[in-house]
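K.L.:
So I've got this file, my_file_17.txt, and it contains compact mmCIF, C-alpha atoms and all ligand atoms:
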# COMPACT_ATOMS: atom_id res chain seq x y z
CA MET A 19 88.25 153.70 34.05
CA SER A 20 86.91 155.29 30.84
CA ALA A 21 87.76 158.85 29.90
CA LYS A 22 84.10 159.74 30.06
CA LEU A 23 83.72 158.50 33.61
CA SER A 24 86.97 160.16 34.58
CA LEU A 25 85.68 163.46 33.29
CA LEU A 26 82.47 162.99 35.21
CA LEU A 27 84.41 162.34 38.42
CA THR A 28 86.51 165.43 37.93
CA LEU A 29 83.32 167.38 37.45
CA LEU A 30 81.91 165.95 40.64
CA VAL A 31 85.04 166.95 42.50
CA LEU A 32 84.76 170.44 41.24
CA LEU A 33 81.09 170.63 42.10
CA ALA A 34 81.33 169.03 45.47
CA PRO A 35 81.20 171.27 48.50
CA ALA A 36 84.40 171.52 50.44
CA GLY A 37 85.03 168.58 52.77
CA ALA A 38 82.47 166.32 51.14
CA GLY A 39 84.39 165.83 47.88
CA ALA A 40 86.93 163.29 46.84
CA TYR A 41 90.43 163.08 48.30
CA SER A 42 90.87 164.43 51.77
CA ILE A 43 94.13 166.11 52.64
CA ASN A 44 95.82 166.97 55.87
CA GLU A 45 95.25 170.70 55.88
CA GLY A 46 98.12 171.29 58.25
CA LEU A 47 100.77 170.41 55.66
CA SER A 48 102.46 172.97 53.49
CA GLN A 49 101.49 172.50 49.87
CA GLY A 50 103.15 172.49 46.48
CA ASP A 51 106.77 172.17 47.48
CA GLY A 52 107.51 168.58 46.55
CA ARG A 53 108.45 166.02 49.16
CA VAL A 54 111.11 163.32 49.66
CA VAL A 55 110.49 160.72 52.35
CA THR A 56 113.33 158.41 53.31
CA TYR A 57 112.13 155.03 54.48
CA TYR A 58 113.37 151.78 55.93
CA ASN A 59 111.41 148.52 55.85
CA THR A 60 112.06 146.25 58.84
CA VAL A 61 109.81 143.48 57.48
CA SER A 62 112.03 141.91 54.86
CA GLU A 63 109.36 139.30 54.05
CA HIS A 64 107.26 142.17 52.73
CA ASP A 65 109.99 143.81 50.65
CA TRP A 66 108.17 142.97 47.46
CA ALA A 67 104.88 144.48 48.64
CA VAL A 68 106.52 147.61 50.10
CA LYS A 69 108.50 148.20 46.90
CA ARG A 70 105.33 147.94 44.84
CA ALA A 71 103.58 150.51 47.06
CA VAL A 72 106.60 152.87 46.99
CA ARG A 73 106.84 152.55 43.23
CA ALA A 74 103.14 153.30 42.80
CA TRP A 75 103.55 156.60 44.66
CA ASN A 76 106.87 157.48 43.05
CA ARG A 77 105.32 157.03 39.58
CA SER A 78 102.05 158.75 40.38
CA GLY A 79 103.03 162.09 38.88
CA ALA A 80 102.76 163.80 42.27
CA GLN A 81 105.98 165.41 43.46
CA ILE A 82 106.47 162.86 46.15
CA GLU A 83 109.31 160.40 46.31
CA PHE A 84 110.00 157.59 48.74
CA VAL A 85 113.71 156.81 48.93
CA PRO A 86 115.23 153.89 50.83
CA ALA A 87 117.60 154.79 53.67
CA SER A 88 119.28 153.14 56.63
CA GLU A 89 117.18 152.38 59.65
CA GLU A 90 118.92 155.15 61.65
CA ASP A 91 118.45 157.81 59.01
CA ALA A 92 115.00 156.98 57.67
CA GLU A 93 112.21 159.42 58.36
CA LEU A 94 109.72 156.60 57.83
CA VAL A 95 110.11 153.21 59.48
CA ILE A 96 107.91 150.36 58.27
CA GLU A 97 107.10 147.71 60.82
CA GLY A 98 105.08 144.51 60.97
CA GLY A 99 102.60 143.49 63.63
CA ALA A 100 99.23 144.52 62.29
CA GLN A 101 96.52 141.88 62.52
CA GLY A 102 94.71 140.62 59.44
CA LEU A 103 93.99 143.06 56.64
CA SER A 104 94.91 146.22 58.50
CA GLY A 105 97.60 148.80 58.87
CA HIS A 106 98.36 151.92 60.79
CA ALA A 107 100.24 155.13 60.22
CA SER A 108 101.48 157.87 62.53
CA THR A 109 103.36 160.97 61.51
CA THR A 110 104.95 163.89 63.29
CA THR A 111 105.06 167.17 61.41
CA ARG A 112 107.69 169.73 62.41
CA SER A 113 108.05 173.25 61.14
CA SER A 114 111.80 172.69 61.16
CA GLY A 115 111.44 169.81 58.67
CA PRO A 116 111.27 166.01 59.08
CA GLN A 117 113.61 164.07 61.31
CA ALA A 118 114.53 160.40 61.42
CA GLY A 119 111.72 158.29 62.79
CA ASP A 120 109.07 160.98 62.48
CA ALA A 121 106.80 158.61 60.59
CA LYS A 122 105.91 155.04 61.26
CA ILE A 123 103.60 152.69 59.47
CA THR A 124 102.55 149.23 60.52
CA ILE A 125 101.73 146.53 58.00
CA PRO A 126 100.52 142.96 58.57
CA SER A 127 102.86 140.42 60.12
CA PRO A 128 104.14 137.97 57.53
CA SER A 129 101.88 134.91 57.25
CA GLY A 130 104.25 132.98 55.04
CA GLU A 131 101.58 132.69 52.36
CA ARG A 132 102.43 134.00 48.93
CA GLU A 133 98.91 135.37 48.49
CA GLN A 134 99.43 137.79 51.38
CA ARG A 135 101.79 139.96 49.38
CA PHE A 136 98.94 141.38 47.27
CA SER A 137 96.95 142.55 50.30
CA VAL A 138 100.07 143.92 51.96
CA ALA A 139 100.96 145.95 48.86
CA LEU A 140 97.50 147.53 48.98
CA ILE A 141 97.73 148.23 52.71
CA ALA A 142 101.22 149.68 52.37
CA ALA A 143 100.06 151.96 49.54
CA HIS A 144 97.21 153.18 51.78
CA GLU A 145 99.48 153.82 54.77
CA LEU A 146 102.02 155.63 52.57
CA GLY A 147 99.07 157.77 51.51
CA HIS A 148 98.75 158.89 55.14
CA VAL A 149 102.48 159.71 55.17
CA VAL A 150 101.99 161.70 51.98
CA GLY A 151 99.36 163.71 53.85
CA LEU A 152 96.07 162.11 52.81
CA ASN A 153 93.22 161.31 55.15
CA HIS A 154 90.56 158.63 54.67
CA GLU A 155 88.20 159.22 51.80
CA ASP A 156 85.10 157.06 51.54
CA SER A 157 82.92 158.89 49.04
CA GLY A 158 84.16 156.80 46.10
CA CYS A 159 86.80 154.33 44.99
CA ALA A 160 90.12 155.36 46.50
CA THR A 161 93.10 153.62 48.01
CA MET A 162 92.43 155.91 50.94
CA ASN A 163 89.03 154.25 51.58
CA SER A 164 88.99 153.62 55.30
CA THR A 165 88.60 149.89 54.87
CA ILE A 166 89.94 147.28 52.53
CA THR A 167 87.73 144.33 51.65
CA ALA A 168 89.42 141.21 50.30
CA GLY A 169 91.42 142.41 47.26
CA ALA A 170 90.22 146.01 46.97
CA PRO A 171 89.45 149.17 48.94
CA ALA A 172 85.81 149.04 50.12
CA ARG A 173 84.41 151.39 47.43
CA CYS A 174 86.42 149.89 44.58
CA SER A 175 85.51 146.84 42.47
CA GLN A 176 87.17 143.55 43.28
CA PRO A 177 89.83 142.31 40.86
CA PRO A 178 88.89 139.50 38.45
CA ALA A 179 89.79 135.98 39.56
CA GLY A 180 93.52 135.32 39.52
CA GLN A 181 94.38 139.05 39.37
CA TRP A 182 95.14 141.77 41.85
CA ARG A 183 94.88 145.55 41.90
CA CYS A 184 98.49 146.13 40.89
CA GLY A 185 97.80 149.83 40.08
CA LEU A 186 97.48 150.32 43.87
CA LEU A 187 96.51 153.99 43.55
CA GLU A 188 93.32 155.48 42.20
CA GLU A 189 93.02 158.76 40.43
CA ASP A 190 91.48 160.30 43.50
CA ASP A 191 94.50 159.47 45.65
CA ILE A 192 96.88 160.86 43.07
CA GLN A 193 94.93 164.06 42.71
CA GLY A 194 95.07 164.55 46.45
CA ALA A 195 98.87 164.09 46.46
CA VAL A 196 99.29 166.47 43.54
CA LYS A 197 97.18 169.01 45.34
CA LEU A 198 99.52 168.75 48.34
CA HIS A 199 102.94 168.48 46.69
CA GLY A 200 102.53 169.59 43.10
CA GLY A 201 103.10 167.67 39.88
CA ALA A 202 100.73 166.32 37.26
CA PRO A 203 98.58 163.21 37.87
CA ARG A 204 99.77 160.14 36.05
CA PRO A 205 97.29 157.37 36.88
CA PRO A 206 98.58 153.79 36.75
CA ARG A 207 98.48 152.30 33.28
CA ARG A 208 97.03 149.04 34.48
CA ALA A 209 94.53 148.56 37.27
CA TYR A 210 94.85 144.75 37.41
CA CYS A 211 97.70 142.30 36.92
CA PRO A 212 97.78 138.49 36.99
CA LYS A 213 99.10 137.06 40.24
CA VAL A 214 102.18 135.53 38.67
CA PRO A 215 105.24 135.23 40.87
CA PRO A 216 107.80 137.93 40.18
CA LYS A 217 110.75 136.46 38.37
CA ALA A 218 113.35 137.82 40.75
CA LYS A 219 111.68 136.03 43.65
CA ALA A 220 111.36 132.69 41.92
CA LYS A 221 113.31 130.06 43.79
CA PRO A 222 116.48 129.12 41.95
CA LYS A 223 116.23 125.67 40.54
CA PRO A 224 118.68 123.16 42.00
CA PRO A 225 121.47 122.51 39.56
CA PRO A 226 120.70 119.54 37.35
CA PRO A 227 122.43 116.34 38.42
CA PRO A 228 125.57 115.63 36.45
CA PRO A 229 124.86 113.35 33.53
CA GLN A 230 125.26 109.71 34.43
CA ARG A 231 128.45 108.65 32.80
CA PRO A 232 129.21 104.98 32.63
CA ASP A 233 131.39 104.13 35.59
CA PRO A 234 134.70 103.02 34.14
CA LEU A 235 135.51 101.16 37.34
CA SER A 236 132.31 99.21 37.66
CA SER A 237 133.02 96.39 35.26
CA VAL A 238 134.33 93.77 37.65
CA GLY A 239 133.52 90.42 36.13
CA ALA A 240 131.60 87.68 37.85
CA VAL A 241 132.90 86.93 41.30
CA ARG A 242 133.25 83.47 42.73
CA ALA A 243 133.94 82.64 46.33
CA ILE A 244 135.18 79.12 46.65
CA SER A 245 136.70 76.92 49.27
CA ASP A 246 137.82 73.33 49.55
CA ALA A 247 136.26 73.24 52.96
CA GLY A 248 137.13 69.57 53.37
CA ARG A 249 140.83 70.36 53.41
CA SER A 250 141.30 74.12 53.51
CA ARG A 251 140.40 76.68 56.07
CA ARG A 252 140.30 79.44 53.48
CA VAL A 253 137.85 80.95 51.09
CA THR A 254 139.32 82.11 47.82
CA VAL A 255 137.54 84.94 46.01
CA ARG A 256 138.17 85.17 42.27
CA TRP A 257 137.01 87.71 39.73
CA LEU A 258 137.88 89.39 36.48
CA ASN A 259 138.98 93.02 36.66
CA GLY A 260 137.34 95.68 34.48
CA ALA A 261 139.15 96.81 31.35
CA SER A 262 139.68 100.44 32.33
CA GLU A 263 143.31 101.53 32.43
CA ARG A 264 142.47 103.56 35.53
CA ILE A 265 142.05 100.48 37.66
CA ARG A 266 144.89 100.01 40.12
CA GLN A 267 143.48 97.89 42.92
CA ALA A 268 140.56 95.79 43.94
CA VAL A 269 138.91 96.02 47.33
CA VAL A 270 137.24 92.86 48.57
CA ALA A 271 135.07 92.89 51.66
CA ARG A 272 133.11 90.20 53.43
CA ALA A 273 129.88 90.66 55.37
CA PRO A 274 127.91 87.92 57.14
CA GLY A 275 124.34 87.54 55.95
CA ARG A 276 124.25 90.53 53.58
CA CYS A 277 126.02 91.98 50.58
CA PRO A 278 127.75 95.18 51.75
CA ALA A 279 127.18 98.52 50.01
CA LYS A 280 130.56 99.85 51.16
CA PRO A 281 133.74 98.15 52.29
CA ASP A 282 134.11 100.46 55.29
CA GLY A 283 134.36 98.77 58.64
CA LEU A 284 134.33 95.27 57.21
CA GLU A 285 136.92 92.54 57.04
CA ARG A 286 138.56 93.28 53.70
CA ARG A 287 141.49 92.74 51.40
CA ILE A 288 143.07 95.28 49.09
CA VAL A 289 145.00 93.68 46.27
CA PRO A 290 146.77 95.05 43.19
CA ALA A 291 144.64 94.78 40.07
CA ASP A 292 145.61 94.58 36.40
CA PRO A 293 142.99 96.00 34.06
CA GLY A 294 141.26 93.06 32.42
CA GLY A 295 143.23 90.58 34.50
CA GLU A 296 142.13 88.03 37.02
CA GLY A 297 141.87 89.02 40.64
CA ARG A 298 142.12 86.88 43.68
CA ALA A 299 141.96 87.30 47.44
CA THR A 300 141.71 84.87 50.31
CA PHE A 301 139.82 84.98 53.57
CA SER A 302 139.72 82.60 56.49
CA LEU A 303 136.79 80.23 56.20
CA ALA A 304 133.74 81.66 57.93
CA LEU A 305 131.14 79.24 59.19
CA VAL A 306 128.26 81.63 58.55
CA ARG A 307 126.77 82.40 55.15
CA SER A 308 128.65 85.44 53.90
CA CYS A 309 128.67 87.76 50.91
CA TYR A 310 131.91 88.78 49.26
CA ALA A 311 131.90 92.09 47.38
CA VAL A 312 134.59 93.36 45.02
CA TRP A 313 135.13 97.00 44.05
CA SER A 314 137.63 98.41 41.59
CA ARG A 315 139.76 101.29 42.81
CA ASP A 316 141.67 103.88 40.82
CA ARG A 317 144.93 105.57 41.69
CA SER A 318 143.22 108.36 43.60
CA GLY A 319 141.44 105.85 45.79
CA ARG A 320 138.04 106.27 44.15
CA LEU A 321 135.92 103.14 44.30
CA SER A 322 133.64 101.88 41.59
CA ARG A 323 130.01 102.75 42.24
CA GLU A 324 128.93 99.16 42.18
CA ALA A 325 130.48 96.06 43.63
CA ALA A 326 130.33 92.63 42.11
CA THR A 327 129.25 90.10 44.70
CA ALA A 328 129.23 86.41 45.45
CA TRP A 329 127.89 84.33 48.30
CA TYR A 330 129.73 81.55 50.00
CA GLU A 331 127.73 78.95 51.86
CA PRO A 332 129.83 77.40 54.60
CA PRO A 333 129.79 73.59 54.89
CA ALA A 334 126.77 72.37 56.79
CA ALA A 335 127.15 71.06 60.32
CA PRO A 336 127.69 67.26 60.21
CA GLN A 337 124.87 64.77 60.18
CA PRO A 338 124.88 61.92 62.74
CA PRO A 339 126.20 58.51 61.77
CA THR A 340 123.62 56.07 60.45
CA ASN A 341 123.00 52.37 60.96
CA LEU A 342 124.65 52.29 64.36
CA VAL A 343 124.70 48.77 65.76
CA ALA A 344 126.17 47.78 69.11
CA SER A 345 126.96 44.07 69.48
CA LEU A 346 128.04 42.08 72.44
CA ALA A 347 131.21 40.36 71.46
CA LEU A 348 133.82 38.09 72.87
CA SER A 349 136.67 40.42 73.18
CA HIS A 350 139.15 38.73 75.38
CA PRO A 351 141.02 35.52 75.11
CA LEU A 352 139.66 34.58 78.52
CA GLY A 353 136.15 34.95 77.34
CA ASP A 354 135.18 38.36 78.73
CA THR A 355 132.35 40.07 76.92
CA GLY A 356 132.98 43.41 75.18
CA VAL A 357 130.95 45.59 72.83
CA SER A 358 131.54 46.10 69.17
CA LEU A 359 130.11 49.17 67.38
CA ARG A 360 129.41 49.52 63.70
CA TRP A 361 128.00 52.54 61.84
CA HIS A 362 128.02 54.40 58.60
CA ASN A 363 129.66 57.79 58.66
CA ALA A 364 127.85 60.90 57.45
CA GLU A 365 128.66 62.09 53.94
CA GLY A 366 129.91 65.61 54.70
CA GLU A 367 133.43 66.06 53.42
CA THR A 368 134.39 67.85 56.59
CA VAL A 369 133.70 64.90 58.91
CA ARG A 370 136.90 63.93 60.66
CA SER A 371 136.02 61.87 63.70
CA VAL A 372 133.26 60.51 65.88
CA LEU A 373 132.76 60.81 69.60
CA ILE A 374 131.52 57.81 71.53
CA ALA A 375 129.96 57.66 74.98
CA ARG A 376 128.12 55.03 76.97
CA THR A 377 126.05 55.19 80.11
CA LYS A 378 124.38 52.50 82.11
CA GLY A 379 120.62 52.34 82.02
CA SER A 380 120.00 55.23 79.68
CA CYS A 381 121.44 56.70 76.51
CA PRO A 382 124.08 59.44 76.91
CA SER A 383 122.88 62.91 76.05
CA ARG A 384 126.31 64.51 76.04
CA PRO A 385 129.59 63.54 74.45
CA PRO A 386 132.58 62.93 76.74
CA ARG A 387 134.05 66.19 77.83
CA ARG A 388 137.64 65.03 77.51
CA PRO A 389 137.43 62.08 75.18
CA ARG A 390 140.04 59.37 75.56
CA PRO A 391 141.47 57.93 72.34
CA TRP A 392 138.99 55.07 72.16
CA GLU A 393 136.15 57.55 72.58
CA SER A 394 137.20 59.72 69.63
CA PRO A 395 138.36 57.57 66.75
CA ALA A 396 139.09 59.09 63.35
CA ALA A 397 136.30 58.83 60.84
CA TRP A 398 136.05 58.85 57.04
CA PRO A 399 133.09 60.48 55.38
CA ASP A 400 130.53 58.15 53.84
CA ALA A 401 132.33 55.02 55.04
CA PHE A 402 131.32 52.04 57.17
CA GLN A 403 133.27 51.85 60.34
CA GLU A 404 133.65 49.37 63.12
CA HIS A 405 134.95 50.04 66.55
CA HIS A 406 135.53 47.80 69.48
CA ASP A 407 135.16 49.06 72.98
CA PHE A 408 138.46 47.66 74.12
CA GLY A 409 139.24 47.46 77.77
CA PHE A 410 135.65 47.50 78.84
CA TYR A 411 134.52 44.19 80.21
CA PRO A 412 131.26 44.65 82.01
CA GLY A 413 130.41 40.97 81.83
CA PRO A 414 126.72 40.16 81.86
CA ASP A 415 125.90 43.88 82.49
CA ALA A 416 127.16 44.86 79.01
CA LYS A 417 123.68 44.91 77.52
CA ARG A 418 122.55 47.48 80.07
CA TYR A 419 124.80 50.15 78.57
CA CYS A 420 123.52 52.49 75.86
CA TYR A 421 126.00 53.80 73.33
CA ALA A 422 125.83 57.15 71.59
CA VAL A 423 127.94 58.26 68.62
CA TRP A 424 128.34 61.84 67.33
CA SER A 425 129.91 62.90 64.06
CA ARG A 426 132.48 65.67 64.44
CA ASP A 427 133.81 67.84 61.61
CA ARG A 428 137.16 69.51 61.20
CA PHE A 429 135.79 72.67 62.73
CA GLY A 430 134.81 70.83 65.91
CA ARG A 431 131.10 70.96 65.17
CA LEU A 432 129.10 67.95 66.39
CA SER A 433 126.05 66.25 64.93
CA ARG A 434 123.13 64.98 66.95
CA PRO A 435 123.97 61.56 68.41
CA ALA A 436 123.02 58.18 67.03
CA THR A 437 122.25 55.69 69.82
CA ALA A 438 122.10 51.93 70.18
CA TRP A 439 121.69 49.31 72.90
CA PRO A 440 123.96 46.33 72.59
CA ARG A 441 122.38 43.18 71.27
CA PRO A 442 123.85 39.75 71.00
CA ALA A 443 126.02 39.23 67.98
CA GLU A 444 124.21 36.72 65.79
CA GLN A 445 127.14 34.41 65.50
CA ASP A 446 128.19 34.71 69.10
CA ASP A 447 124.97 33.91 70.88
CA GLU A 448 126.29 30.77 72.47
CA LEU A 449 129.47 32.42 73.59
CA ILE A 450 127.55 35.02 75.46
CA VAL A 451 125.41 32.42 77.04
CA LEU A 452 128.51 30.50 77.97
CA ALA A 453 130.15 33.56 79.34
CA GLY A 454 127.06 34.29 81.46
ZN ZN B 501 94.16 154.57 57.05
Can you give me the file's structure in the form of structure tokens?

P.N.:
Amino acid sequence: MSAKLSLLLTLLVLLAPAGAGAYSINEGLSQGDGRVVTYYNTVSEHDWAVKRAVRAWNRSGAQIEFVPASEEDAELVIEGGAQGLSGHASTTTRSSGPQAGDAKITIPSPSGEREQRFSVALIAAHELGHVVGLNHEDSGCATMNSTITAGAPARCSQPPAGQWRCGLLEEDDIQGAVKLHGGAPRPPRRAYCPKVPPKAKAKPKPPPPPPQRPDPLSSVGAVRAISDAGRSRRVTVRWLNGASERIRQAVVARAPGRCPAKPDGLERRIVPADPGGEGRATFSLALVRSCYAVWSRDRSGRLSREAATAWYEPPAAPQPPTNLVASLALSHPLGDTGVSLRWHNAEGETVRSVLIARTKGSCPSRPPRRPRPWESPAAWPDAFQEHHDFGFYPGPDAKRYCYAVWSRDRFGRLSRPATAWPRPAEQDDELIVLAG
């Protein structure tokens, strides 16, 4: 406000008839004696706004001072609960002097929006004006205008975009307070301020993450998981330890179907580890595809962040024998007819035996449950094999039996069966005929 306009306003005040002028004071209050009002704000979300309003009055030049006090002692209690842009004030005036709780003002309930603080500061300044002893004044721009519109009292100009009326009090309000309590008006230096967040209320930044130091335990060399599945029932895991002198142990864990992120809860081995040396641990052979992970561990039990990993593919289930041929054969000195089987064993190094079954009229779908020795002969991977069905002399019915042969590996796993119906041995045709 320019000095010229200010002068004009003062002139108007002086010229105005009583009651129709600027500020309006509560005539019932004693005047010119200074005033201290203790207050307590129950709406902590609005602390910032209330403090701004209190400060505006305390710096106004009027001999009025709002001083914080405990809730029990405060003459003025500030509460929330007002709807929208509104507030309310009630005061009790005693000739014996103020008592705790004599004044109460209501300010808006917290909305949680940062923007609300600027309106609340304005409303609080207005309600404190009532506590000071001012009534509504609508003849010009004053904080004591009976209504507040958006960011300003109704008769005042709105703040520019991005700013708020941080002065909170107008000259008219201050003059009214000075008239009541004495002092010399000291209008706010600035009417508007940018809506920047107060520094004290800025959220503390989370501490920066510690700088990523290279993990001295992470340098486990390439891991291999190997097994001589044809002869051994173990998987050997081998690796090269990291070079750090802090390494004391290695932790090796196995997980089926996935590489584990932690060794917890898994089948694992903990072995001593020499920095830079070779490491080795053994596991029983698992027949499912599994990942082996190796962590370094220091003396305090801290694990390396990363594990080095390796997969081990278990040996495949065996394939059935190939080229199965069943031949009718003279098998007995007296001329009885038997059956001779020939086949080629599957290549898998784990194949150890075959199972043989026969049924009359159709091919067996299941291997013998408790195979007798002739039904489970030893087998050699990738080899031709011949087997005679000793002790079985079905005579002319022999060709009505179907034979089935399964490969079986050292883990007891079976292949699908190969099947064959007996056919006359090329060289023995006549014998069969004779025998018939
Ligand atoms: Zn009011």

K.L.:
So, with only C-alpha atoms and all ligand atoms as the atoms that count, which of A:Glu133, A:Glu45, A:Glu188, A:Glu145 lies closest to ligand ZN 501 (chain B)?

P.N.:
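Between A:Glu133, A:Glu45, A:Glu188, A:Glu145, the residue approaching ligand ZN 501 (chain B) most closely is A:Glu145.
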
K.L.:
Need to verify the contact set: Ala100 in chain A, 10 Å, only C-alpha atoms, exclusion of same-chain residues closer than 6 positions in sequence. Can you return it as a list of chain:residue names?

P.N.:
A:His106, A:Ile123, A:Thr124, A:Ile125, A:Pro126, A:Ser127, A:Pro128

K.L.:
Tell me which of A:Ile43, A:Thr165, A:Leu321, A:Val54 sits closest to Gly147 in chain A, counting only C-alpha atoms.

P.N.:
A:Ile43

K.L.:
Which one is closest to Asn76 in chain A: A:Ala195, A:Leu258, A:Ala118, A:Ala168? Count only C-alpha atoms.

P.N.:
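Among the listed residues, A:Ala195 lies closest to Asn76 in chain A.
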
K.L.:
Please report, as a Markdown table, each residue of chain A lying at most 7 Å from ligand ZN 501 (chain B), together with the nearest pair of atoms and the separation in Å rounded to one decimal; use all atoms listed in the file, and order rows by chain and ascending residue number.

P.N.:
| residue | atom | partner | partner_atom | distance |
| --- | --- | --- | --- | --- |
| A:Gly105 | CA | B:ZN501 | ZN | 7.0 |
| A:His106 | CA | B:ZN501 | ZN | 6.2 |
| A:Ala107 | CA | B:ZN501 | ZN | 6.9 |
| A:His144 | CA | B:ZN501 | ZN | 6.2 |
| A:Glu145 | CA | B:ZN501 | ZN | 5.8 |
| A:His148 | CA | B:ZN501 | ZN | 6.6 |
| A:His154 | CA | B:ZN501 | ZN | 5.9 |
| A:Met162 | CA | B:ZN501 | ZN | 6.5 |
| A:Ser164 | CA | B:ZN501 | ZN | 5.5 |

K.L.:
Could you jot down the CA of Pro205 in chain A to CA of Arg70 in chain A separation for me, Å, one decimal place?

P.N.:
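Atom-to-atom, CA of Pro205 in chain A and CA of Arg70 in chain A are spaced 14.7 Å apart.
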
K.L.:
Can you work out which one of A:Cys381, A:Leu373, A:Ile166, A:Ala209 has the shortest atom-to-atom distance to Val138 in chain A, counting only C-alpha atoms?

P.N.:
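Counting only C-alpha atoms, the residue closest to Val138 in chain A is A:Ile166.
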
K.L.:
Can I get C-alpha atoms for range 140-166 of chain A, as a tab-separated table (two decimals), in the first residue's frame?

P.N.:
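Printed below is selection_20.tsv as written:
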chain	number	residue	atom	x	y	z
A	140	LEU	CA	-5.50	-16.12	7.51
A	141	ILE	CA	-8.47	-17.54	9.41
A	142	ALA	CA	-6.44	-17.87	12.60
A	143	ALA	CA	-5.26	-14.26	12.30
A	144	HIS	CA	-8.90	-13.17	11.93
A	145	GLU	CA	-10.09	-15.18	14.92
A	146	LEU	CA	-7.20	-13.92	17.05
A	147	GLY	CA	-8.43	-10.46	16.06
A	148	HIS	CA	-11.71	-11.27	17.83
A	149	VAL	CA	-9.73	-12.37	20.90
A	150	VAL	CA	-7.82	-9.09	20.74
A	151	GLY	CA	-11.18	-7.33	20.90
A	152	LEU	CA	-11.96	-6.51	17.27
A	153	ASN	CA	-15.33	-6.96	15.62
A	154	HIS	CA	-16.00	-7.51	11.92
A	155	GLU	CA	-15.17	-4.60	9.69
A	156	ASP	CA	-16.36	-4.67	6.10
A	157	SER	CA	-15.95	-1.09	4.93
A	158	GLY	CA	-12.52	-1.76	3.41
A	159	CYS	CA	-9.68	-4.25	3.23
A	160	ALA	CA	-9.15	-5.73	6.67
A	161	THR	CA	-8.34	-9.12	8.10
A	162	MET	CA	-11.47	-8.56	10.14
A	163	ASN	CA	-13.64	-8.57	6.98
A	164	SER	CA	-16.53	-10.84	7.84
A	165	THR	CA	-15.74	-13.23	5.02
A	166	ILE	CA	-12.64	-14.62	3.43
